[in-house]
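This is protein-v4.tsv. It holds TSV, C-alpha atoms.
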```tsv
chain	number	residue	atom	x	y	z
A	1	ALA	CA	31.93	162.87	17.91
A	2	GLU	CA	35.67	163.25	17.47
A	3	ARG	CA	37.89	162.35	20.37
A	4	PRO	CA	41.04	164.32	21.20
A	5	LEU	CA	44.22	162.83	19.75
A	6	ALA	CA	45.75	162.47	23.21
A	7	ALA	CA	42.85	160.26	24.25
A	8	MET	CA	43.32	158.12	21.16
A	9	ALA	CA	47.03	157.81	21.90
A	10	MET	CA	46.40	156.20	25.29
A	11	ALA	CA	43.12	154.45	24.53
A	12	TRP	CA	44.46	150.94	24.07
A	13	ARG	CA	45.99	150.88	27.54
A	14	ALA	CA	44.16	153.51	29.53
A	15	ALA	CA	40.69	152.54	28.31
A	16	PRO	CA	41.17	149.26	26.45
A	17	ARG	CA	37.55	148.12	26.52
A	18	ALA	CA	36.39	151.37	24.97
A	19	ALA	CA	39.09	151.07	22.31
A	20	ALA	CA	38.04	147.50	21.62
A	21	ARG	CA	34.46	148.60	21.12
A	22	LEU	CA	35.65	151.26	18.69
A	23	LEU	CA	37.70	148.71	16.79
A	24	LEU	CA	35.24	145.85	16.68
A	25	GLY	CA	31.83	147.45	16.97
A	26	ARG	CA	29.50	147.26	14.01
A	27	ARG	CA	28.72	150.99	14.01
A	28	GLY	CA	30.83	153.00	11.61
A	29	ILE	CA	32.14	150.07	9.56
A	30	ALA	CA	31.60	150.72	5.87
A	31	SER	CA	29.50	148.03	4.22
A	32	CYS	CA	32.28	147.29	1.73
A	33	LEU	CA	34.48	146.18	4.65
A	34	ASP	CA	31.79	144.18	6.44
A	35	PRO	CA	33.31	140.72	7.10
A	36	SER	CA	29.84	139.18	7.47
A	37	THR	CA	28.87	139.87	3.86
A	38	GLY	CA	27.80	136.66	2.11
A	39	LEU	CA	27.75	134.53	5.26
A	40	THR	CA	24.90	132.32	6.43
A	41	GLU	CA	23.00	133.20	9.58
A	42	ASP	CA	24.87	130.50	11.50
A	43	GLN	CA	28.22	131.84	10.31
A	44	LYS	CA	27.24	135.36	11.29
A	45	GLU	CA	26.46	134.04	14.76
A	46	PHE	CA	29.85	132.26	15.04
A	47	GLN	CA	31.48	135.48	13.90
A	48	LYS	CA	29.59	137.63	16.41
A	49	VAL	CA	30.53	135.32	19.28
A	50	ALA	CA	34.19	135.44	18.22
A	51	LEU	CA	34.19	139.23	17.76
A	52	ASP	CA	32.59	139.75	21.15
A	53	PHE	CA	35.14	137.44	22.76
A	54	ALA	CA	37.97	139.28	21.00
A	55	ALA	CA	36.63	142.65	22.19
A	56	LYS	CA	36.03	141.66	25.80
A	57	GLU	CA	38.63	139.01	26.56
A	58	MET	CA	41.56	139.68	24.22
A	59	ALA	CA	41.90	143.26	22.94
A	60	PRO	CA	42.02	144.80	26.45
A	61	TYR	CA	45.01	142.64	27.32
A	62	MET	CA	46.93	142.19	24.06
A	63	ALA	CA	49.47	144.93	24.84
A	64	GLU	CA	50.15	143.49	28.31
A	65	TRP	CA	50.50	139.94	26.97
A	66	ASP	CA	52.96	141.27	24.39
A	67	GLU	CA	55.01	143.38	26.78
A	68	LYS	CA	55.18	140.81	29.59
A	69	GLU	CA	55.31	137.79	27.26
A	70	ILE	CA	52.30	136.18	28.93
A	71	PHE	CA	50.87	132.93	27.51
A	72	PRO	CA	47.17	133.56	28.27
A	73	VAL	CA	46.16	130.02	29.17
A	74	GLU	CA	42.98	130.89	31.06
A	75	THR	CA	41.75	133.18	28.28
A	76	MET	CA	42.23	130.42	25.73
A	77	ARG	CA	40.37	127.99	27.97
A	78	LYS	CA	37.48	130.46	28.01
A	79	ALA	CA	37.64	130.45	24.21
A	80	ALA	CA	37.54	126.66	24.27
A	81	GLN	CA	34.30	126.82	26.25
A	82	LEU	CA	32.83	128.53	23.18
A	83	GLY	CA	34.03	125.67	20.99
A	84	PHE	CA	37.23	127.30	19.71
A	85	GLY	CA	39.65	124.61	20.95
A	86	GLY	CA	38.74	122.06	18.27
A	87	ILE	CA	36.78	124.01	15.71
A	88	TYR	CA	37.04	121.54	12.83
A	89	VAL	CA	37.39	118.41	14.98
A	90	LYS	CA	34.59	115.84	15.11
A	91	PRO	CA	32.02	116.31	17.90
A	92	ASP	CA	32.33	112.76	19.29
A	93	VAL	CA	35.71	113.68	20.84
A	94	GLY	CA	34.75	117.19	21.95
A	95	GLY	CA	35.19	119.15	18.74
A	96	SER	CA	32.79	121.65	17.22
A	97	GLY	CA	32.54	119.86	13.86
A	98	LEU	CA	32.53	123.11	11.88
A	99	SER	CA	33.70	123.66	8.31
A	100	ARG	CA	36.99	125.16	7.13
A	101	LEU	CA	35.13	128.30	6.11
A	102	ASP	CA	33.55	128.57	9.56
A	103	THR	CA	37.02	128.17	11.02
A	104	SER	CA	38.46	130.94	8.84
A	105	ILE	CA	35.65	133.29	9.88
A	106	ILE	CA	36.28	132.57	13.56
A	107	PHE	CA	40.07	133.01	13.40
A	108	GLU	CA	39.72	136.26	11.46
A	109	ALA	CA	37.38	137.60	14.12
A	110	LEU	CA	39.51	136.47	17.07
A	111	SER	CA	42.65	137.92	15.48
A	112	THR	CA	41.20	141.43	15.68
A	113	GLY	CA	41.56	141.08	19.46
A	114	CYS	CA	45.05	139.54	19.62
A	115	THR	CA	46.72	138.16	16.53
A	116	SER	CA	49.54	136.40	18.36
A	117	THR	CA	47.24	134.46	20.68
A	118	THR	CA	44.85	133.56	17.86
A	119	ALA	CA	47.74	132.33	15.72
A	120	TYR	CA	48.79	129.93	18.48
A	121	MET	CA	45.18	128.75	18.79
A	122	SER	CA	45.17	128.06	15.04
A	123	ILE	CA	48.26	125.85	15.39
A	124	HIS	CA	46.68	124.04	18.35
A	125	ASN	CA	43.53	123.41	16.27
A	126	MET	CA	45.64	122.03	13.44
A	127	CYS	CA	47.33	119.56	15.79
A	128	VAL	CA	44.05	118.34	17.25
A	129	TRP	CA	42.63	117.90	13.74
A	130	MET	CA	45.65	115.80	12.75
A	131	ILE	CA	45.12	113.45	15.72
A	132	ASP	CA	41.37	113.34	15.07
A	133	THR	CA	41.83	112.61	11.35
A	134	PHE	CA	44.80	110.25	11.30
A	135	GLY	CA	44.66	108.71	14.77
A	136	ASN	CA	42.92	105.46	15.61
A	137	GLU	CA	39.92	105.41	17.96
A	138	GLU	CA	42.06	104.87	21.06
A	139	GLN	CA	44.32	107.82	20.15
A	140	ARG	CA	41.39	110.09	19.31
A	141	ARG	CA	39.69	109.42	22.63
A	142	ARG	CA	42.93	109.63	24.61
A	143	PHE	CA	44.13	112.97	23.24
A	144	CYS	CA	41.33	114.96	21.61
A	145	PRO	CA	38.86	115.70	24.46
A	146	SER	CA	41.44	117.38	26.71
A	147	LEU	CA	42.87	119.29	23.73
A	148	CYS	CA	39.46	120.48	22.52
A	149	SER	CA	38.72	121.83	26.02
A	150	MET	CA	42.25	123.30	26.12
A	151	GLU	CA	42.81	121.60	29.44
A	152	LYS	CA	45.92	120.58	27.51
A	153	PHE	CA	47.68	122.43	24.68
A	154	ALA	CA	49.44	121.11	21.57
A	155	SER	CA	52.47	122.04	19.48
A	156	TYR	CA	53.38	121.14	15.90
A	157	CYS	CA	56.97	119.94	15.43
A	158	LEU	CA	58.22	119.85	11.84
A	159	THR	CA	60.93	122.51	11.38
A	160	GLU	CA	64.50	121.67	12.41
A	161	PRO	CA	67.63	123.83	12.73
A	162	GLY	CA	68.83	122.50	9.35
A	163	SER	CA	65.52	121.93	7.54
A	164	GLY	CA	62.92	124.64	7.25
A	165	SER	CA	61.46	124.98	3.78
A	166	ASP	CA	63.10	121.65	2.82
A	167	ALA	CA	61.01	119.72	5.34
A	168	ALA	CA	61.51	116.37	3.57
A	169	SER	CA	65.21	116.47	4.56
A	170	LEU	CA	64.50	116.43	8.32
A	171	LEU	CA	66.99	114.44	10.40
A	172	THR	CA	65.23	113.72	13.72
A	173	SER	CA	65.36	109.94	13.88
A	174	ALA	CA	63.10	107.35	15.48
A	175	GLN	CA	64.64	103.89	15.75
A	176	ARG	CA	62.14	101.15	16.52
A	177	LYS	CA	62.95	98.82	19.40
A	178	GLY	CA	60.15	96.38	20.13
A	179	ASP	CA	57.06	98.31	21.11
A	180	THR	CA	58.86	101.67	21.32
A	181	TYR	CA	60.71	104.20	19.22
A	182	ILE	CA	63.95	105.81	20.42
A	183	LEU	CA	63.80	109.41	19.28
A	184	ASN	CA	66.88	111.61	18.77
A	185	GLY	CA	67.20	115.07	17.25
A	186	SER	CA	65.69	118.52	17.71
A	187	LYS	CA	62.99	120.82	16.36
A	188	ALA	CA	63.31	124.60	16.05
A	189	PHE	CA	60.91	127.55	16.38
A	190	ILE	CA	58.17	125.49	18.05
A	191	SER	CA	55.16	127.59	19.07
A	192	GLY	CA	54.17	126.80	22.63
A	193	GLY	CA	57.31	124.70	23.09
A	194	GLY	CA	57.96	123.96	26.76
A	195	ASP	CA	54.59	125.30	27.93
A	196	THR	CA	52.39	122.90	26.00
A	197	ASP	CA	51.49	119.30	26.82
A	198	VAL	CA	51.28	117.41	23.52
A	199	TYR	CA	53.80	117.46	20.65
A	200	VAL	CA	52.95	116.22	17.14
A	201	VAL	CA	56.42	115.30	15.86
A	202	MET	CA	57.59	114.45	12.35
A	203	CYS	CA	60.58	112.12	12.45
A	204	ARG	CA	62.54	109.76	10.24
A	205	THR	CA	61.74	106.07	10.66
A	206	GLY	CA	62.95	105.03	7.20
A	207	GLY	CA	65.22	106.12	4.40
A	208	PRO	CA	65.85	109.62	3.01
A	209	GLY	CA	63.09	111.73	1.50
A	210	PRO	CA	59.42	112.18	2.35
A	211	LYS	CA	58.54	108.47	2.33
A	212	GLY	CA	60.83	107.81	5.29
A	213	ILE	CA	58.96	110.18	7.61
A	214	SER	CA	56.47	109.14	10.30
A	215	CYS	CA	54.38	111.07	12.82
A	216	LEU	CA	54.58	110.51	16.59
A	217	VAL	CA	52.57	112.13	19.38
A	218	LEU	CA	54.68	112.91	22.44
A	219	GLU	CA	53.57	114.05	25.87
A	220	LYS	CA	55.40	116.48	28.11
A	221	GLY	CA	57.28	114.66	30.82
A	222	MET	CA	58.44	111.75	28.69
A	223	PRO	CA	62.06	110.86	29.60
A	224	GLY	CA	64.47	112.33	27.06
A	225	LEU	CA	62.17	115.20	26.04
A	226	SER	CA	63.54	118.66	26.88
A	227	PHE	CA	63.38	122.23	25.66
A	228	GLY	CA	65.73	125.05	24.68
A	229	LYS	CA	65.69	128.62	25.95
A	230	LYS	CA	62.67	130.80	25.34
A	231	GLU	CA	63.33	132.76	22.16
A	232	LYS	CA	63.15	136.57	22.08
A	233	LYS	CA	60.99	137.55	19.12
A	234	VAL	CA	59.90	140.67	17.25
A	235	GLY	CA	56.25	139.72	17.68
A	236	TRP	CA	54.10	136.74	18.65
A	237	ASN	CA	55.12	137.45	22.24
A	238	SER	CA	51.96	136.05	23.84
A	239	GLN	CA	53.11	132.56	22.85
A	240	PRO	CA	56.47	131.05	23.88
A	241	THR	CA	58.81	129.68	21.23
A	242	ARG	CA	61.52	127.16	22.05
A	243	ALA	CA	63.53	124.36	20.53
A	244	VAL	CA	62.21	120.88	21.34
A	245	ILE	CA	65.01	118.38	21.99
A	246	PHE	CA	64.92	114.57	21.93
A	247	GLU	CA	67.74	112.61	23.58
A	248	ASP	CA	67.04	108.87	23.55
A	249	CYS	CA	63.40	109.76	24.10
A	250	VAL	CA	61.30	106.60	24.45
A	251	VAL	CA	57.94	106.81	22.65
A	252	PRO	CA	55.42	103.93	22.53
A	253	VAL	CA	54.61	102.63	19.04
A	254	GLY	CA	50.98	103.18	20.07
A	255	ASN	CA	51.67	106.94	19.84
A	256	ARG	CA	52.32	106.80	16.08
A	257	LEU	CA	49.66	108.43	13.90
A	258	GLY	CA	48.93	106.37	10.81
A	259	ALA	CA	51.40	103.96	9.27
A	260	GLU	CA	55.17	104.26	9.11
A	261	GLY	CA	56.11	106.49	6.19
A	262	GLN	CA	52.82	108.40	6.25
A	263	GLY	CA	54.15	111.29	8.33
A	264	PHE	CA	55.05	113.67	5.53
A	265	ASN	CA	51.60	113.34	3.99
A	266	ILE	CA	50.02	113.94	7.40
A	267	ALA	CA	52.20	117.02	7.91
A	268	MET	CA	51.34	118.48	4.50
A	269	GLN	CA	47.61	117.86	4.89
A	270	GLY	CA	47.75	119.59	8.24
A	271	LEU	CA	49.57	122.53	6.68
A	272	ASN	CA	46.95	123.03	3.97
A	273	GLY	CA	44.51	123.93	6.72
A	274	GLY	CA	47.21	125.72	8.69
A	275	ARG	CA	47.84	128.02	5.74
A	276	ILE	CA	44.18	128.99	5.62
A	277	ASN	CA	44.20	129.50	9.39
A	278	ILE	CA	47.24	131.77	9.45
A	279	ALA	CA	45.98	133.72	6.43
A	280	SER	CA	42.72	134.24	8.35
A	281	CYS	CA	44.68	135.60	11.31
A	282	SER	CA	46.31	138.07	8.92
A	283	LEU	CA	42.87	139.18	7.71
A	284	GLY	CA	41.82	140.03	11.26
A	285	ALA	CA	44.95	142.08	11.91
A	286	ALA	CA	44.50	143.94	8.62
A	287	HIS	CA	40.82	144.61	9.27
A	288	ALA	CA	41.65	146.04	12.69
A	289	SER	CA	44.43	148.17	11.21
A	290	VAL	CA	42.19	149.63	8.50
A	291	LEU	CA	39.68	150.69	11.15
A	292	LEU	CA	42.42	152.20	13.32
A	293	ALA	CA	43.77	154.12	10.31
A	294	GLN	CA	40.26	155.28	9.41
A	295	GLU	CA	39.76	156.60	12.94
A	296	HIS	CA	43.17	158.28	13.04
A	297	LEU	CA	42.66	160.07	9.73
A	298	THR	CA	39.39	161.43	11.07
A	299	VAL	CA	40.70	162.79	14.38
A	300	ARG	CA	44.26	163.87	13.48
A	301	LYS	CA	44.60	167.39	12.07
A	302	GLN	CA	47.49	168.82	10.08
A	303	PHE	CA	47.67	172.18	8.30
A	304	GLY	CA	44.34	173.12	9.84
A	305	GLU	CA	42.23	170.23	8.61
A	306	PRO	CA	41.75	166.50	9.28
A	307	LEU	CA	44.07	164.09	7.53
A	308	ALA	CA	40.92	162.49	6.11
A	309	ASN	CA	40.62	165.49	3.75
A	310	ASN	CA	43.95	164.64	2.10
A	311	GLN	CA	43.22	162.93	-1.21
A	312	TYR	CA	46.49	160.98	-1.23
A	313	LEU	CA	45.59	159.41	2.12
A	314	GLN	CA	42.03	158.80	0.94
A	315	PHE	CA	43.40	156.85	-2.02
A	316	ARG	CA	45.76	154.83	0.18
A	317	LEU	CA	42.92	153.97	2.54
A	318	ALA	CA	40.79	152.90	-0.43
A	319	GLU	CA	43.63	150.67	-1.65
A	320	MET	CA	44.01	149.10	1.79
A	321	ALA	CA	40.31	148.29	1.97
A	322	THR	CA	40.31	146.87	-1.55
A	323	ARG	CA	43.31	144.62	-0.86
A	324	LEU	CA	41.71	143.43	2.39
A	325	VAL	CA	38.47	142.44	0.70
A	326	ALA	CA	40.34	140.72	-2.17
A	327	ALA	CA	42.45	138.75	0.32
A	328	ARG	CA	39.38	137.75	2.32
A	329	LEU	CA	37.67	136.42	-0.82
A	330	MET	CA	40.75	134.38	-1.75
A	331	VAL	CA	41.02	132.86	1.72
A	332	ARG	CA	37.35	131.95	1.89
A	333	ASN	CA	37.46	130.45	-1.61
A	334	ALA	CA	40.41	128.25	-0.61
A	335	ALA	CA	38.65	127.25	2.62
A	336	ARG	CA	35.64	126.05	0.65
A	337	ALA	CA	37.88	124.11	-1.76
A	338	LEU	CA	39.66	122.40	1.15
A	339	GLN	CA	36.37	121.55	2.85
A	340	ASP	CA	35.02	120.06	-0.40
A	341	GLY	CA	38.17	118.01	-1.01
A	342	ARG	CA	38.74	119.58	-4.40
A	343	GLU	CA	41.77	118.54	-6.43
A	344	ASP	CA	43.02	122.14	-6.58
A	345	ALA	CA	42.62	122.73	-2.82
A	346	ALA	CA	46.32	122.56	-1.92
A	347	VAL	CA	47.39	125.09	-4.55
A	348	LEU	CA	44.48	127.40	-3.70
A	349	CYS	CA	45.51	127.26	-0.04
A	350	SER	CA	49.05	128.20	-1.08
A	351	MET	CA	47.78	131.06	-3.25
A	352	ALA	CA	45.57	132.35	-0.44
A	353	LYS	CA	48.36	132.14	2.13
A	354	LEU	CA	50.80	133.91	-0.19
A	355	PHE	CA	48.41	136.68	-1.19
A	356	ALA	CA	46.73	137.29	2.16
A	357	THR	CA	49.85	137.34	4.32
A	358	ASP	CA	51.75	139.60	1.91
A	359	GLU	CA	48.85	141.98	1.35
A	360	CYS	CA	47.74	142.11	4.99
A	361	PHE	CA	51.25	142.89	6.20
A	362	GLY	CA	51.34	145.73	3.68
A	363	ILE	CA	47.97	146.98	4.93
A	364	CYS	CA	49.08	146.98	8.56
A	365	ASN	CA	52.37	148.63	7.68
A	366	GLN	CA	50.57	151.35	5.69
A	367	ALA	CA	48.21	151.90	8.63
A	368	LEU	CA	51.25	152.46	10.86
A	369	GLN	CA	52.65	154.93	8.32
A	370	MET	CA	49.37	156.86	8.35
A	371	HIS	CA	49.74	157.26	12.11
A	372	GLY	CA	53.08	159.00	11.61
A	373	GLY	CA	55.30	158.99	14.69
A	374	TYR	CA	52.38	157.93	16.85
A	375	GLY	CA	52.24	154.62	14.99
A	376	TYR	CA	55.69	153.75	16.28
A	377	LEU	CA	54.61	154.11	19.89
A	378	LYS	CA	53.48	151.07	21.82
A	379	ASP	CA	50.52	153.08	23.12
A	380	TYR	CA	49.03	152.48	19.66
A	381	ALA	CA	47.80	149.00	18.75
A	382	VAL	CA	48.75	149.32	15.08
A	383	GLN	CA	52.46	148.66	15.72
A	384	GLN	CA	51.63	145.38	17.46
A	385	PHE	CA	49.57	144.19	14.54
A	386	VAL	CA	52.55	144.95	12.26
A	387	ARG	CA	54.96	143.01	14.49
A	388	ASP	CA	52.61	140.09	15.05
A	389	ILE	CA	51.74	139.36	11.41
A	390	ARG	CA	55.22	139.80	9.92
A	391	VAL	CA	56.06	136.17	10.69
A	392	HIS	CA	52.97	134.94	8.84
A	393	GLN	CA	54.92	135.39	5.60
A	394	ILE	CA	57.47	132.87	6.92
A	395	LEU	CA	55.68	130.13	8.85
A	396	GLU	CA	53.38	127.34	7.58
A	397	GLY	CA	55.65	127.35	4.53
A	398	THR	CA	57.44	130.52	3.49
A	399	ASN	CA	55.82	132.63	0.80
A	400	GLU	CA	58.70	131.69	-1.48
A	401	VAL	CA	57.65	128.05	-1.09
A	402	MET	CA	54.04	129.06	-1.78
A	403	ARG	CA	55.23	130.53	-5.09
A	404	MET	CA	57.03	127.26	-5.88
A	405	ILE	CA	53.87	125.24	-5.21
A	406	VAL	CA	51.75	127.48	-7.44
A	407	ALA	CA	54.34	127.54	-10.24
A	408	ARG	CA	54.76	123.75	-10.15
A	409	ASN	CA	50.99	123.35	-10.46
A	410	LEU	CA	50.88	125.68	-13.44
A	411	LEU	CA	53.78	124.04	-15.27
A	412	GLN	CA	53.38	120.37	-14.40
A	413	GLY	CA	51.43	119.43	-17.52
```
If you convert what's in this file into C-alpha cells, what do you get?
Amino acid sequence: AERPLAAMAMAWRAAPRAAARLLLGRRGIASCLDPSTGLTEDQKEFQKVALDFAAKEMAPYMAEWDEKEIFPVETMRKAAQLGFGGIYVKPDVGGSGLSRLDTSIIFEALSTGCTSTTAYMSIHNMCVWMIDTFGNEEQRRRFCPSLCSMEKFASYCLTEPGSGSDAASLLTSAQRKGDTYILNGSKAFISGGGDTDVYVVMCRTGGPGPKGISCLVLEKGMPGLSFGKKEKKVGWNSQPTRAVIFEDCVVPVGNRLGAEGQGFNIAMQGLNGGRINIASCSLGAAHASVLLAQEHLTVRKQFGEPLANNQYLQFRLAEMATRLVAARLMVRNAARALQDGREDAAVLCSMAKLFATDECFGICNQALQMHGGYGYLKDYAVQQFVRDIRVHQILEGTNEVMRMIVARNLLQG
C-alpha cells in the first residue's frame, strides 16, 4: 500500500526502523537489483547478517550521527562481535579469515545503513590487515586481537599537507637513534585521527622516492604525538578527521612493519584492498538510493498521477539500476583477482574504484534529483548518501590517479 508523502518525508527520523526495513528488506526488490545473485550460501549468510545489522543498528541512527558528528564506537564494537573488525585478517589473531569478495559483500551491505561509518570500518580493516600481513609474530599478537575486537581502533597515515596523490614525495622523517626512531612531520585528512588508538604511519627513513619510505605503527599517548583540530566536512561526519602531528616522537624500532624501505610497497598493497573496500561502500549507498528513488516515484504524484508513470523518470531509474549492477560486477571481479593474487589485480582494483565511485555518486545524485526539493531536506536519507560518498572519488587514490594507473598499464608494453 502507498504511504502518504508526508509520512515518507519524516520516516528516516520519526520512524527510522520502519524506514530501514523498507530500504533493506527483501520484499519489493527487483531480481535484477538483488545483491545476492551469484553468491554462495555462505556469502548470502554473511550478507544477511550485515544487512540486518545495518537495518537495526545503523540506519536508525545515521542521521543523528551525521548531525551531531558522533563517532559510534559502541555500534562498531557490536559489528566486531559479528566478525566485522578484521574481516580479511587471519583467525589466529582474532580475524574472520574471509576472502576479499566476502569483504566487499559485507561492506556493501553495511553501507546501506550508514556509509560514513562503514567507510571508517573499511579503513580500520585495511590497517589491521597490513599489521597481520607485514608484521612479525610479536607485532601481530600485540596489535591485531584488540583491533579485530575493536576494543582499539586504527588509522591509516599516508597523506601529508604537501603530498596527496604524489605519495612517494612524503616528507615525514624518521631518524634512527639506537633502538628508536625520532619521527617529525605531519599527516593530513586522517580518518579517526585523535579518537583512534593505533596509527599506521608511512615515513621517510632513507633517501627520496618510494624506496626511502618505511612503515611504523604508533600508539596514542606516545610522547610527541599530537593532533590538529577536528575538520568540518561536507559528509563522513560520523568519523572524525584530523591532522596527525609528530614532534620528536620516539618510536621503538620494534614497531616497524617489514624492513626499512618497504613502506611504500606496504602502503600500496594496503590501498589495493582499500580501493575495493571504498568502492563497495559506494555500491551500498547507490543501492539504497535506487530503492529510495523507486519508492518516491511510486508515492509522489504530480499532474494527477504518480511520478512512476513518467517515461523519462522510468528510463533514468533503469539507467541507475543498470549502472549499479555493472559497478557491482566490476568490484566483485577485482576482489576475486586480488584474492587470487593475479598479476592484473592492482589495475583491476583501480578500474573498479574509478568506475564504481564515479557511477555510484551519479546514481545517488540522480536519486536526489528525482526527489525534487524534498531530496535537499535532511529529513530524507538520500541527501546524506550523496554527501557521504562524494569523497570516495578522492580518497584511496583520486580517480585521476586511477586513470593514470590504468593508462600506464595499457601503454607500458
Residues of stretch 137-250 of chain A within 7 Å of stretch 90-110 of chain A: nearest atom pair and distance (Å, one decimal) for each, counting all atoms listed in the file, sorted by chain and number, as JSON lines?
```
{"residue": "A:Arg140", "atom": "CA", "partner": "A:Val93", "partner_atom": "CA", "distance": 6.9}
{"residue": "A:Arg141", "atom": "CA", "partner": "A:Val93", "partner_atom": "CA", "distance": 6.1}
{"residue": "A:Cys144", "atom": "CA", "partner": "A:Val93", "partner_atom": "CA", "distance": 5.8}
{"residue": "A:Pro145", "atom": "CA", "partner": "A:Gly94", "partner_atom": "CA", "distance": 5.0}
{"residue": "A:Cys148", "atom": "CA", "partner": "A:Gly94", "partner_atom": "CA", "distance": 5.8}
```
### Task
One decimal, Å: what's the distance from atom CA of A:Cys32 over to atom CA of A:Val391, could you say?
27.7 Å
### Task
Could you check how far atom CA of A:Leu171 sits from atom CA of A:Ile405, in Å to one decimal?
23.1 Å
### Query
atom CA of A:Leu225 and atom CA of A:Cys249 are how many Å apart?
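So the answer is 5.9 Å.
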Per residue of stretch 55-117 of chain A within 7 Å of stretch 149-158 of chain A, note the shortest atom pair and the distance in Å to one decimal, counting only C-alpha atoms, and order the rows by chain and increasing residue number, as a tab-separated table.
```
residue	atom	partner	partner_atom	distance
A:Arg77	CA	A:Met150	CA	5.4
A:Ala80	CA	A:Ser149	CA	5.3
A:Gln81	CA	A:Ser149	CA	6.7
A:Gly85	CA	A:Ser149	CA	5.9
```
### Message
Would you pick out the contacts of stretch 341-358 of chain A at 9 Å or less, using all atoms listed in the file, so that residues sharing its chain but fewer than 4 positions from it are not included, and give the list as a PyMOL selection string?
### Response
chain A and resi 269+272-273+275-283+323-324+326-337+362-363+389-393+396-403+405-406+409
### Query
When distances are computed from all atoms listed in the file, which of A:Leu377, A:Met126, A:Ala79, A:Cys215 shows the smallest separation from A:Val49?
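Ranking A:Leu377, A:Met126, A:Ala79, A:Cys215 by distance to A:Val49, first place goes to A:Ala79.
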### Query
What lies within 7 Å of A:Gly224 using all atoms listed in the file, ignoring chain neighbours under 2 positions off, as a list in words?
Met222, Ser226, Phe246, Glu247, Asp248 and Cys249 of chain A
### Query
Using all atoms listed in the file, which residues sit within 6 Å of A:Ala59 once same-chain residues fewer than 4 positions away are excluded, as number ranges by chain?
A: 20, 54-55, 113-114
### Selected residue, from A:Gly178, A:Gly261, A:Pro252, A:Gly185, that lies nearest to A:Glu160 when counting all atoms listed in the file
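For A:Glu160, the nearest of the candidates is A:Gly185.
Residues with any atom within 6 Å of stretch 164-169 of chain A, counting only C-alpha atoms and excluding same-chain neighbours fewer than 2 positions away, are Thr159, Gly209 and Pro210 of chain A.
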### Message
Counting all atoms listed in the file, which residue out of A:Gln311, A:Gln412, A:Ala259, A:Asp388 sits closest to A:Ala63?
### Response
A:Asp388
#### Entry: Residue with smallest distance to A:Ala174 - pool A:Val299, A:Met202, A:Leu410, A:Ala188, counting all atoms listed in the file
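Checking each candidate against A:Ala174, we get A:Met202 as the closest.
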If you count only C-alpha atoms, which residues fall within 12 Å of A:Ala318, apart from same-chain ones fewer than 5 positions away, as a compact mmCIF listing (two decimals) with C-alpha atoms, in the frame of the given file?
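Saved the output as out33.txt:
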```
# COMPACT_ATOMS: atom_id res chain seq x y z
CA ALA A 30 31.60 150.72 5.87
CA CYS A 32 32.28 147.29 1.73
CA LEU A 33 34.48 146.18 4.65
CA VAL A 290 42.19 149.63 8.50
CA LEU A 291 39.68 150.69 11.15
CA ALA A 293 43.77 154.12 10.31
CA GLN A 294 40.26 155.28 9.41
CA ALA A 308 40.92 162.49 6.11
CA GLN A 311 43.22 162.93 -1.21
CA TYR A 312 46.49 160.98 -1.23
CA LEU A 313 45.59 159.41 2.12
CA ARG A 323 43.31 144.62 -0.86
CA LEU A 324 41.71 143.43 2.39
CA VAL A 325 38.47 142.44 0.70
CA ILE A 363 47.97 146.98 4.93
CA GLN A 366 50.57 151.35 5.69
CA ALA A 367 48.21 151.90 8.63
```
### Task
Could you please give me, as number ranges by chain, the residues of protein, DNA or RNA lying at most 8 Å from (54.9, 113.3, 17.0) in the coordinate frame of the file, considering only C-alpha atoms?
A: 157, 199-203, 215-218, 255-257
### Query
Which one of A:Gly207, A:Gly86, A:Gly192, A:Gly373 sits closest to A:Glu69 if you count all atoms listed in the file?
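Of A:Gly207, A:Gly86, A:Gly192, A:Gly373, the one nearest A:Glu69 is A:Gly192, counting all atoms listed in the file.
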